[in-house]
$ cat model-v7.csv   # CSV, C-alpha atoms
chain,number,residue,atom,x,y,z
A,89,MET,CA,14.5,-5.3,-12.8
A,90,ARG,CA,13.8,-3.8,-9.4
A,91,ARG,CA,14.2,-6.4,-6.7
A,92,ARG,CA,11.0,-7.0,-4.7
A,93,SER,CA,10.6,-7.6,-1.0
A,94,VAL,CA,10.8,-11.2,0.1
A,95,LEU,CA,8.2,-10.3,2.8
A,96,LEU,CA,5.2,-10.1,0.5
A,97,ALA,CA,2.8,-13.0,0.2
A,98,VAL,CA,-0.1,-12.1,-2.1
A,99,PRO,CA,-0.1,-12.4,-5.9
A,100,ALA,CA,0.2,-9.2,-7.9
A,101,GLY,CA,-1.9,-7.3,-10.3
A,102,LEU,CA,-5.3,-7.3,-8.5
A,103,VAL,CA,-6.7,-4.1,-9.9
A,104,THR,CA,-9.8,-2.9,-8.0
A,105,ILE,CA,-11.4,-1.2,-10.9
A,106,ALA,CA,-11.5,-4.4,-12.9
A,107,GLY,CA,-14.3,-5.7,-10.6
A,108,CYS,CA,-16.4,-2.6,-11.4
A,109,GLY,CA,-19.2,-2.7,-8.9
A,110,ASP,CA,-18.7,-6.2,-7.5
A,111,SER,CA,-17.7,-5.3,-4.0
A,112,ASP,CA,-17.4,-9.0,-3.1
A,113,SER,CA,-15.0,-9.8,-5.9
A,114,SER,CA,-11.6,-10.9,-4.9
A,115,SER,CA,-10.3,-8.4,-7.5
A,116,SER,CA,-11.4,-5.6,-5.2
A,117,LYS,CA,-8.9,-6.6,-2.5
A,118,ALA,CA,-5.6,-4.8,-2.4
A,119,SER,CA,-2.5,-6.7,-3.2
A,120,ALA,CA,1.2,-6.5,-3.6
A,121,SER,CA,4.0,-7.7,-5.9
A,122,PRO,CA,4.7,-11.4,-6.3
A,123,SER,CA,7.3,-13.0,-4.0
A,124,PRO,CA,7.7,-16.0,-1.7
A,125,SER,CA,4.8,-16.6,0.6
A,126,PRO,CA,4.9,-17.7,4.2
A,127,SER,CA,4.4,-21.4,4.4
A,128,SER,CA,1.0,-22.7,5.3
A,129,SER,CA,2.3,-24.0,8.6
A,130,ALA,CA,3.6,-20.5,9.4
A,131,SER,CA,0.2,-18.9,8.8
A,132,ALA,CA,-1.9,-21.4,10.8
A,133,VAL,CA,-0.2,-20.9,14.2
A,134,PRO,CA,-1.5,-19.3,17.4
A,135,PRO,CA,-0.5,-15.7,18.2
A,136,PRO,CA,3.0,-15.4,19.7
A,137,LYS,CA,4.0,-14.3,23.1
A,138,LEU,CA,5.8,-11.0,22.8
A,139,VAL,CA,9.0,-10.5,24.8
A,140,ASP,CA,11.6,-7.8,25.0
A,141,GLY,CA,14.6,-9.8,23.9
A,142,PRO,CA,17.2,-10.9,23.3
A,143,LEU,CA,17.9,-8.7,20.3
A,144,PRO,CA,21.2,-7.9,18.6
A,145,GLY,CA,22.6,-4.4,18.9
A,146,ILE,CA,22.3,-1.8,16.1
A,147,THR,CA,26.0,-0.7,15.6
A,148,ALA,CA,25.6,1.9,12.9
A,149,GLY,CA,22.8,3.8,11.2
A,150,THR,CA,21.1,4.4,14.5
A,151,LYS,CA,18.9,7.3,13.4
A,152,PHE,CA,15.3,6.9,12.2
A,153,ASP,CA,15.1,6.0,8.5
A,154,GLU,CA,18.9,5.6,8.3
A,155,LYS,CA,20.1,2.2,6.9
A,156,PRO,CA,21.1,0.2,10.1
A,157,THR,CA,24.0,-2.2,10.6
A,158,VAL,CA,23.0,-4.9,13.0
A,159,ALA,CA,25.3,-7.2,15.0
A,160,LYS,CA,25.2,-11.0,14.8
A,161,GLY,CA,22.8,-12.6,17.3
A,162,SER,CA,24.5,-13.7,20.5
A,163,GLY,CA,23.7,-17.1,21.8
A,164,ASP,CA,20.3,-18.7,21.2
A,165,PRO,CA,17.4,-16.5,20.1
A,166,SER,CA,14.1,-16.5,22.0
A,167,LYS,CA,11.5,-19.0,20.9
A,168,ASP,CA,8.9,-16.2,21.4
A,169,LEU,CA,8.6,-13.1,19.3
A,170,ALA,CA,11.1,-10.6,20.6
A,171,VAL,CA,10.1,-7.0,19.8
A,172,LYS,CA,11.5,-3.7,21.0
A,173,THR,CA,10.7,-0.1,20.1
A,174,VAL,CA,14.2,1.4,19.6
A,175,ILE,CA,13.0,4.9,18.7
A,176,ALA,CA,9.6,5.9,19.9
A,177,GLY,CA,7.5,7.8,17.4
A,178,SER,CA,4.7,10.2,18.2
A,179,GLY,CA,2.3,9.4,15.3
A,180,LYS,CA,-0.8,7.3,15.2
A,181,ALA,CA,-0.7,3.7,16.4
A,182,VAL,CA,-0.7,1.0,13.8
A,183,ALA,CA,-3.5,-1.6,13.9
A,184,GLU,CA,-3.7,-5.1,12.4
A,185,ASN,CA,-5.0,-4.9,8.8
A,186,ASP,CA,-3.7,-1.4,8.4
A,187,PHE,CA,-1.3,-0.7,5.5
A,188,VAL,CA,2.1,0.5,6.6
A,189,GLN,CA,4.8,2.4,4.7
A,190,VAL,CA,8.2,1.4,6.0
A,191,ASN,CA,11.9,1.1,5.4
A,192,TYR,CA,13.4,-2.1,6.8
A,193,LEU,CA,16.4,-4.4,6.9
A,194,GLY,CA,16.2,-8.2,7.5
A,195,GLN,CA,19.1,-10.5,8.4
A,196,VAL,CA,19.6,-14.0,9.7
A,197,TRP,CA,20.2,-14.2,13.5
A,198,SER,CA,23.0,-16.8,13.4
A,199,THR,CA,25.0,-15.3,10.5
A,200,ALA,CA,24.1,-11.6,10.3
A,201,LYS,CA,23.6,-12.2,6.6
A,202,VAL,CA,21.3,-9.5,5.2
A,203,PHE,CA,18.7,-11.1,3.0
A,204,ASP,CA,16.6,-8.0,2.2
A,205,ASN,CA,16.5,-4.3,2.7
A,206,SER,CA,14.5,-1.4,1.3
A,207,TYR,CA,17.1,1.3,2.0
A,208,ASP,CA,19.3,0.4,-0.9
A,209,ARG,CA,16.2,0.3,-3.2
A,210,LYS,CA,15.4,3.8,-2.0
A,211,THR,CA,11.7,2.8,-2.1
A,212,PRO,CA,9.8,2.2,1.0
A,213,LEU,CA,7.6,-0.9,1.3
A,214,VAL,CA,3.8,-0.3,1.4
A,215,ILE,CA,2.0,-3.5,2.6
A,216,GLN,CA,-1.0,-4.5,4.6
A,217,LEU,CA,-0.6,-6.2,8.0
A,218,ALA,CA,-3.1,-8.9,7.1
A,219,GLN,CA,-3.0,-12.6,7.7
A,220,GLY,CA,-1.6,-14.3,4.6
A,221,GLY,CA,-0.3,-11.0,3.2
A,222,ILE,CA,3.0,-10.8,5.2
A,223,ILE,CA,4.9,-13.0,7.7
A,224,ASP,CA,3.0,-13.2,11.0
A,225,GLY,CA,6.0,-11.8,13.0
A,226,TRP,CA,5.4,-8.4,11.3
A,227,ARG,CA,1.6,-8.7,11.7
A,228,TYR,CA,1.9,-9.2,15.4
A,229,GLY,CA,5.0,-7.3,16.1
A,230,LEU,CA,4.1,-4.0,14.5
A,231,ALA,CA,0.5,-3.8,15.8
A,232,GLY,CA,0.2,-1.0,18.4
A,233,ARG,CA,3.5,0.6,17.4
A,234,LYS,CA,3.4,4.3,16.4
A,235,VAL,CA,4.2,6.0,13.2
A,236,GLY,CA,7.7,7.5,13.5
A,237,SER,CA,9.0,4.6,15.5
A,238,ARG,CA,12.0,2.3,14.8
A,239,VAL,CA,11.2,-1.3,15.8
A,240,GLU,CA,13.6,-4.2,16.1
A,241,MET,CA,12.3,-7.7,16.2
A,242,ALA,CA,13.6,-11.3,16.1
A,243,VAL,CA,11.1,-13.6,14.4
A,244,PRO,CA,11.4,-17.4,15.0
A,245,PRO,CA,10.5,-19.7,12.1
A,246,THR,CA,7.0,-20.3,13.6
A,247,TRP,CA,6.0,-16.7,12.8
A,248,GLY,CA,8.4,-16.3,9.8
A,249,TYR,CA,8.7,-18.9,7.0
A,250,GLY,CA,8.1,-22.0,9.0
A,251,THR,CA,10.1,-25.2,8.7
A,252,THR,CA,10.2,-24.8,4.9
A,253,GLY,CA,12.2,-21.5,5.1
A,254,ASN,CA,12.6,-19.4,2.0
A,255,ALA,CA,15.1,-20.8,-0.5
A,256,GLN,CA,15.0,-17.7,-2.7
A,257,ALA,CA,16.1,-15.5,0.1
A,258,GLY,CA,18.6,-18.0,1.5
A,259,ILE,CA,16.5,-18.6,4.7
A,260,LYS,CA,16.5,-22.0,6.2
A,261,GLY,CA,13.6,-23.6,8.1
A,262,THR,CA,15.5,-23.2,11.4
A,263,ASP,CA,16.5,-19.6,11.0
A,264,THR,CA,15.3,-16.8,13.3
A,265,LEU,CA,15.1,-13.6,11.4
A,266,VAL,CA,16.1,-10.1,12.7
A,267,PHE,CA,14.4,-7.0,11.4
A,268,VAL,CA,14.9,-3.3,11.9
A,269,ILE,CA,11.8,-1.4,10.7
A,270,ASP,CA,11.2,2.3,10.4
A,271,ILE,CA,7.5,3.0,10.3
A,272,GLN,CA,7.0,6.1,8.1
A,273,ASP,CA,3.2,6.1,7.8
A,274,SER,CA,0.1,4.0,8.1
A,275,PHE,CA,-3.2,3.9,6.2
A,276,ASN,CA,-6.6,2.4,6.6
A,277,ALA,CA,-10.2,2.7,5.2
A,278,LYS,CA,-10.5,6.1,7.0
A,279,SER,CA,-7.4,7.6,5.5
A,280,SER,CA,-7.7,10.7,3.3
A,281,ALA,CA,-5.6,12.9,1.1
A,282,LYS,CA,-4.2,16.0,2.7
A,283,GLY,CA,-3.2,19.1,0.8
A,284,THR,CA,-3.9,22.7,-0.3
A,285,THR,CA,-7.4,23.2,-1.7
A,286,VAL,CA,-7.2,24.0,-5.4
A,287,ALA,CA,-10.0,26.1,-7.0
A,288,GLN,CA,-12.4,24.2,-9.2
A,289,SER,CA,-13.5,27.1,-11.5
A,290,ASP,CA,-14.5,25.4,-14.7
A,291,ALA,CA,-18.3,25.2,-14.7
A,292,ASP,CA,-18.2,22.5,-17.4
A,293,LEU,CA,-16.2,20.0,-15.2
A,294,PRO,CA,-17.3,17.9,-12.2
A,295,LYS,CA,-16.8,19.4,-8.7
A,296,VAL,CA,-15.3,17.1,-6.1
A,297,GLY,CA,-15.6,17.6,-2.3
A,298,THR,CA,-12.6,18.7,-0.3
A,299,ASN,CA,-13.4,16.9,3.0
A,300,THR,CA,-10.5,15.1,4.7
A,301,ASP,CA,-12.4,13.1,7.3
A,302,GLY,CA,-12.0,9.7,5.5
A,303,LYS,CA,-15.6,9.8,4.2
A,304,ALA,CA,-16.4,9.7,0.4
A,305,PRO,CA,-16.2,13.1,-1.2
A,306,SER,CA,-19.1,14.4,-3.2
A,307,VAL,CA,-18.8,14.2,-7.0
A,308,THR,CA,-21.2,16.7,-8.8
A,309,ILE,CA,-21.6,16.3,-12.5
A,310,PRO,CA,-22.4,19.5,-14.5
A,311,LYS,CA,-25.2,19.8,-17.0
A,312,ALA,CA,-22.8,19.9,-19.9
A,313,ASP,CA,-21.3,17.5,-22.5
A,314,PRO,CA,-18.3,15.6,-21.2
A,315,PRO,CA,-14.9,16.6,-22.5
A,316,LYS,CA,-13.5,14.5,-25.4
A,317,LYS,CA,-10.0,14.5,-24.0
A,318,LEU,CA,-8.6,13.3,-20.6
A,319,VAL,CA,-8.8,15.7,-17.7
A,320,SER,CA,-6.7,15.4,-14.6
A,321,ASN,CA,-6.9,18.2,-12.0
A,322,TYR,CA,-5.9,18.6,-8.4
A,323,VAL,CA,-8.6,19.0,-5.9
A,324,LEU,CA,-6.2,18.9,-2.9
A,325,GLU,CA,-2.6,19.3,-3.8
A,326,SER,CA,0.0,17.8,-1.5
A,327,ASP,CA,3.8,18.3,-1.6
A,328,GLY,CA,4.7,14.6,-2.0
A,329,ALA,CA,6.8,13.0,-4.7
A,330,VAL,CA,5.2,12.6,-8.2
A,331,VAL,CA,3.8,9.2,-9.1
A,332,LYS,CA,5.8,7.5,-11.8
A,333,GLU,CA,4.5,5.0,-14.4
A,334,ALA,CA,6.6,2.2,-13.1
A,335,GLN,CA,5.1,2.5,-9.6
A,336,SER,CA,2.2,1.0,-7.7
A,337,ILE,CA,-0.1,3.2,-5.6
A,338,LEU,CA,-2.3,2.9,-2.6
A,339,CYS,CA,-5.5,4.9,-2.8
A,340,GLN,CA,-9.0,5.8,-2.0
A,341,PHE,CA,-11.3,6.3,-5.0
A,342,LYS,CA,-14.8,6.9,-6.1
A,343,GLY,CA,-16.0,6.3,-9.6
A,344,VAL,CA,-19.1,7.9,-11.2
A,345,VAL,CA,-20.7,7.7,-14.6
A,346,TRP,CA,-20.9,11.1,-16.3
A,347,SER,CA,-24.2,10.5,-18.0
A,348,THR,CA,-26.1,9.3,-15.0
A,349,GLY,CA,-24.2,10.6,-12.0
A,350,LYS,CA,-24.4,7.0,-10.6
A,351,GLU,CA,-21.5,5.6,-8.6
A,352,PHE,CA,-20.2,2.4,-10.1
A,353,GLU,CA,-17.4,1.6,-7.5
A,354,SER,CA,-15.9,3.1,-4.4
A,355,THR,CA,-13.3,2.1,-1.8
A,356,TYR,CA,-15.4,4.1,0.7
A,357,SER,CA,-18.5,1.9,0.3
A,358,GLN,CA,-16.3,-1.3,0.3
A,359,GLY,CA,-14.5,-0.2,3.4
A,360,ARG,CA,-11.0,-1.1,2.1
A,361,LEU,CA,-8.2,0.6,0.2
A,362,SER,CA,-7.1,-0.1,-3.4
A,363,GLN,CA,-3.6,-0.9,-4.3
A,364,PHE,CA,-2.6,-1.4,-8.0
A,365,ALA,CA,0.3,-1.0,-10.4
A,366,ILE,CA,0.0,1.9,-12.8
A,367,LYS,CA,1.1,-0.3,-15.7
A,368,ASP,CA,-1.6,-2.9,-14.9
A,369,MET,CA,-4.3,-0.1,-14.8
A,370,GLU,CA,-3.3,1.0,-18.3
A,371,SER,CA,-4.9,-2.1,-19.7
A,372,VAL,CA,-8.1,-1.7,-17.6
A,373,VAL,CA,-8.9,2.1,-17.5
A,374,LYS,CA,-6.1,3.8,-19.4
A,375,GLY,CA,-7.4,7.3,-18.5
A,376,LEU,CA,-7.2,6.5,-14.8
A,377,ALA,CA,-3.6,5.4,-15.1
A,378,GLU,CA,-2.6,8.4,-17.2
A,379,GLY,CA,-4.5,10.8,-14.9
A,380,ILE,CA,-2.6,9.6,-11.8
A,381,THR,CA,0.8,9.5,-13.4
A,382,GLY,CA,2.7,12.7,-12.6
A,383,LYS,CA,0.5,13.7,-9.8
A,384,LYS,CA,1.8,14.2,-6.2
A,385,VAL,CA,1.5,11.5,-3.5
A,386,GLY,CA,-0.9,12.7,-0.8
A,387,SER,CA,-3.1,14.6,-3.2
A,388,ARG,CA,-6.8,14.3,-4.3
A,389,VAL,CA,-7.2,14.3,-8.0
A,390,MET,CA,-10.3,14.6,-10.2
A,391,ILE,CA,-10.0,12.6,-13.4
A,392,VAL,CA,-12.4,12.6,-16.4
A,393,ALA,CA,-11.8,9.6,-18.7
A,394,PRO,CA,-13.5,9.7,-22.0
A,395,ALA,CA,-14.9,6.3,-23.3
A,396,ASP,CA,-11.8,5.7,-25.5
A,397,LEU,CA,-9.6,5.9,-22.4
A,398,ALA,CA,-12.1,3.9,-20.2
A,399,TYR,CA,-14.1,0.9,-21.3
A,400,GLY,CA,-15.2,2.1,-24.8
A,401,ASN,CA,-17.8,-0.3,-26.2
A,402,THR,CA,-16.9,-3.2,-23.9
A,403,PRO,CA,-17.9,-2.2,-20.4
A,404,PRO,CA,-18.2,-4.8,-17.6
A,405,SER,CA,-21.4,-6.7,-17.9
A,406,GLY,CA,-24.3,-6.1,-15.6
A,407,GLY,CA,-22.9,-2.9,-14.1
A,408,ALA,CA,-23.7,0.8,-14.2
A,409,ILE,CA,-21.2,1.5,-17.0
A,410,LYS,CA,-22.7,1.4,-20.5
A,411,LYS,CA,-21.1,1.5,-24.0
A,412,GLY,CA,-19.5,4.8,-24.7
A,413,ASP,CA,-19.7,6.1,-21.1
A,414,THR,CA,-17.3,8.8,-19.8
A,415,LEU,CA,-16.1,8.1,-16.3
A,416,VAL,CA,-15.3,10.5,-13.5
A,417,PHE,CA,-13.0,9.6,-10.6
A,418,SER,CA,-12.0,11.2,-7.4
A,419,VAL,CA,-8.7,9.6,-6.3
A,420,ASP,CA,-6.8,10.1,-3.1
A,421,ILE,CA,-3.2,9.1,-3.7
A,422,LEU,CA,-2.1,7.9,-0.3
A,423,ALA,CA,1.2,6.2,-1.1
A,424,ALA,CA,3.3,5.0,-4.0
A,425,MET,CA,6.0,2.4,-4.2

$ encode --input "model-v7.csv" --output "structure tokens"
Amino acid sequence: MRRRSVLLAVPAGLVTIAGCGDSDSSSSKASASPSPSPSSSASAVPPPKLVDGPLPGITAGTKFDEKPTVAKGSGDPSKDLAVKTVIAGSGKAVAENDFVQVNYLGQVWSTAKVFDNSYDRKTPLVIQLAQGGIIDGWRYGLAGRKVGSRVEMAVPPTWGYGTTGNAQAGIKGTDTLVFVIDIQDSFNAKSSAKGTTVAQSDADLPKVGTNTDGKAPSVTIPKADPPKKLVSNYVLESDGAVVKEAQSILCQFKGVVWSTGKEFESTYSQGRLSQFAIKDMESVVKGLAEGITGKKVGSRVMIVAPADLAYGNTPPSGGAIKKGDTLVFSVDILAAM
């Protein structure tokens, strides 16, 4: 089993589509894989004072996105949050509540014991910098840093795991934690797919808008019977890695009922991104999971899911979806992990 980050704090498996139209449902909030949470005391503290150091030296792996080797902390660490941009990126600035895609290494100040790193997993972490979703040191320390930057920070227990520590990771309640973080990308509710426009020439299939301004694309349903088999076509094709069934994705999406043209759910109208595991989605809207699998990260995809690959005869109660409805999705695949 692939080892999960010890940084994550929210339970897994919250699949946005499951809420179907209930924009206030907790199921429409993005989430991440299960792992130890910051202690309640660590999440209920005032913002830290940010200082430049002290910070241990990076002795090897000094290039961006290269696995670093970090020296043991010298002397006592700061009681404030020490943060330094080691390599300055030129991308967009990260804001609190954004999702970030990063590679990182974490170790204990006093021992230099590495307790977690994504480089060996060869899978970047995609996580939201939101209160309760990640340790507060990251939430405060990464805000304002630019994509393409390498950031080093020393996080005291107050903005880490508090006095309880994290037994699973071997972190004591007195440990200051040192992180090196390479910020590969960031995403928010205005993010959009980017790619080459692909011709939508089949008159019997829906047409999806190609705008990349972060606003909801149009979805135009043809005056034709829906297809009986799954359709998954590029609207904008990127050059990213293909999504695998074992992964989770971060996305923008818009869902429309074929028979009525009515939108039943959308991240654009909710003002927040969706994050879900492909395998979890298979038990909710199988056609959506199958339509995303194998498509390239960074792309926009139009998916038509017949009723037998959607909700069939058991749609969510009280919503726009009725028995036997074919569903149409526009999905911007922003990231995969």

$ residues_around --input "model-v7.csv" --residues "Asp313 in chain A" --least-positions-apart "3" --cutoff "12 Å" --atoms "all atoms listed in the file" --output "ChimeraX atom specification"
/A:291-294,309-310,316-317,346-347,392,394,413-414

$ atom_distance --input "model-v7.csv" --atom1 "CA of Val174 in chain A" --atom2 "CA of Tyr228 in chain A"
16.8 Å

$ closest_residue --input "model-v7.csv" --among "A:Asn299, A:Gln216, A:Thr173, A:Thr284" --to "Ser362 in chain A" --atoms "only C-alpha atoms"
A:Gln216

$ residues_around --input "model-v7.csv" --residues "range 252-267 of chain A" --least-positions-apart "3" --cutoff "6 Å" --atoms "only C-alpha atoms" --output "PyMOL selection string"
chain A and resi 193-197+203+240-245+249

$ closest_residue --input "model-v7.csv" --among "A:Lys180, A:Lys137, A:Lys282, A:Lys155" --to "Gly225 in chain A" --atoms "only C-alpha atoms"
A:Lys137

$ closest_residue --input "model-v7.csv" --among "A:Ser178, A:Ser166, A:Gln335, A:Thr147" --to "Asp368 in chain A" --atoms "only C-alpha atoms"
A:Gln335

$ residues_around --input "model-v7.csv" --residues "Glu370 in chain A" --least-positions-apart "4" --cutoff "12 Å" --atoms "all atoms listed in the file" --output "list in words"
Gly101, Val103, Ile105, Ala106, Glu333, Ala334, Ser336, Phe364, Ala365, Ile366, Lys374, Gly375, Leu376, Ala377, Glu378, Gly379, Ile380, Thr381, Leu397, Ala398 and Tyr399 of chain A

$ closest_residue --input "model-v7.csv" --among "A:Ala281, A:Ile223, A:Asp153, A:Asn401" --to "Lys210 in chain A" --atoms "only C-alpha atoms"
A:Asp153

$ atom_distance --input "model-v7.csv" --atom1 "CA of Val239 in chain A" --atom2 "CA of Asp270 in chain A"
6.5 Å

$ atom_distance --input "model-v7.csv" --atom1 "CA of Gly412 in chain A" --atom2 "CA of Val345 in chain A"
10.6 Å
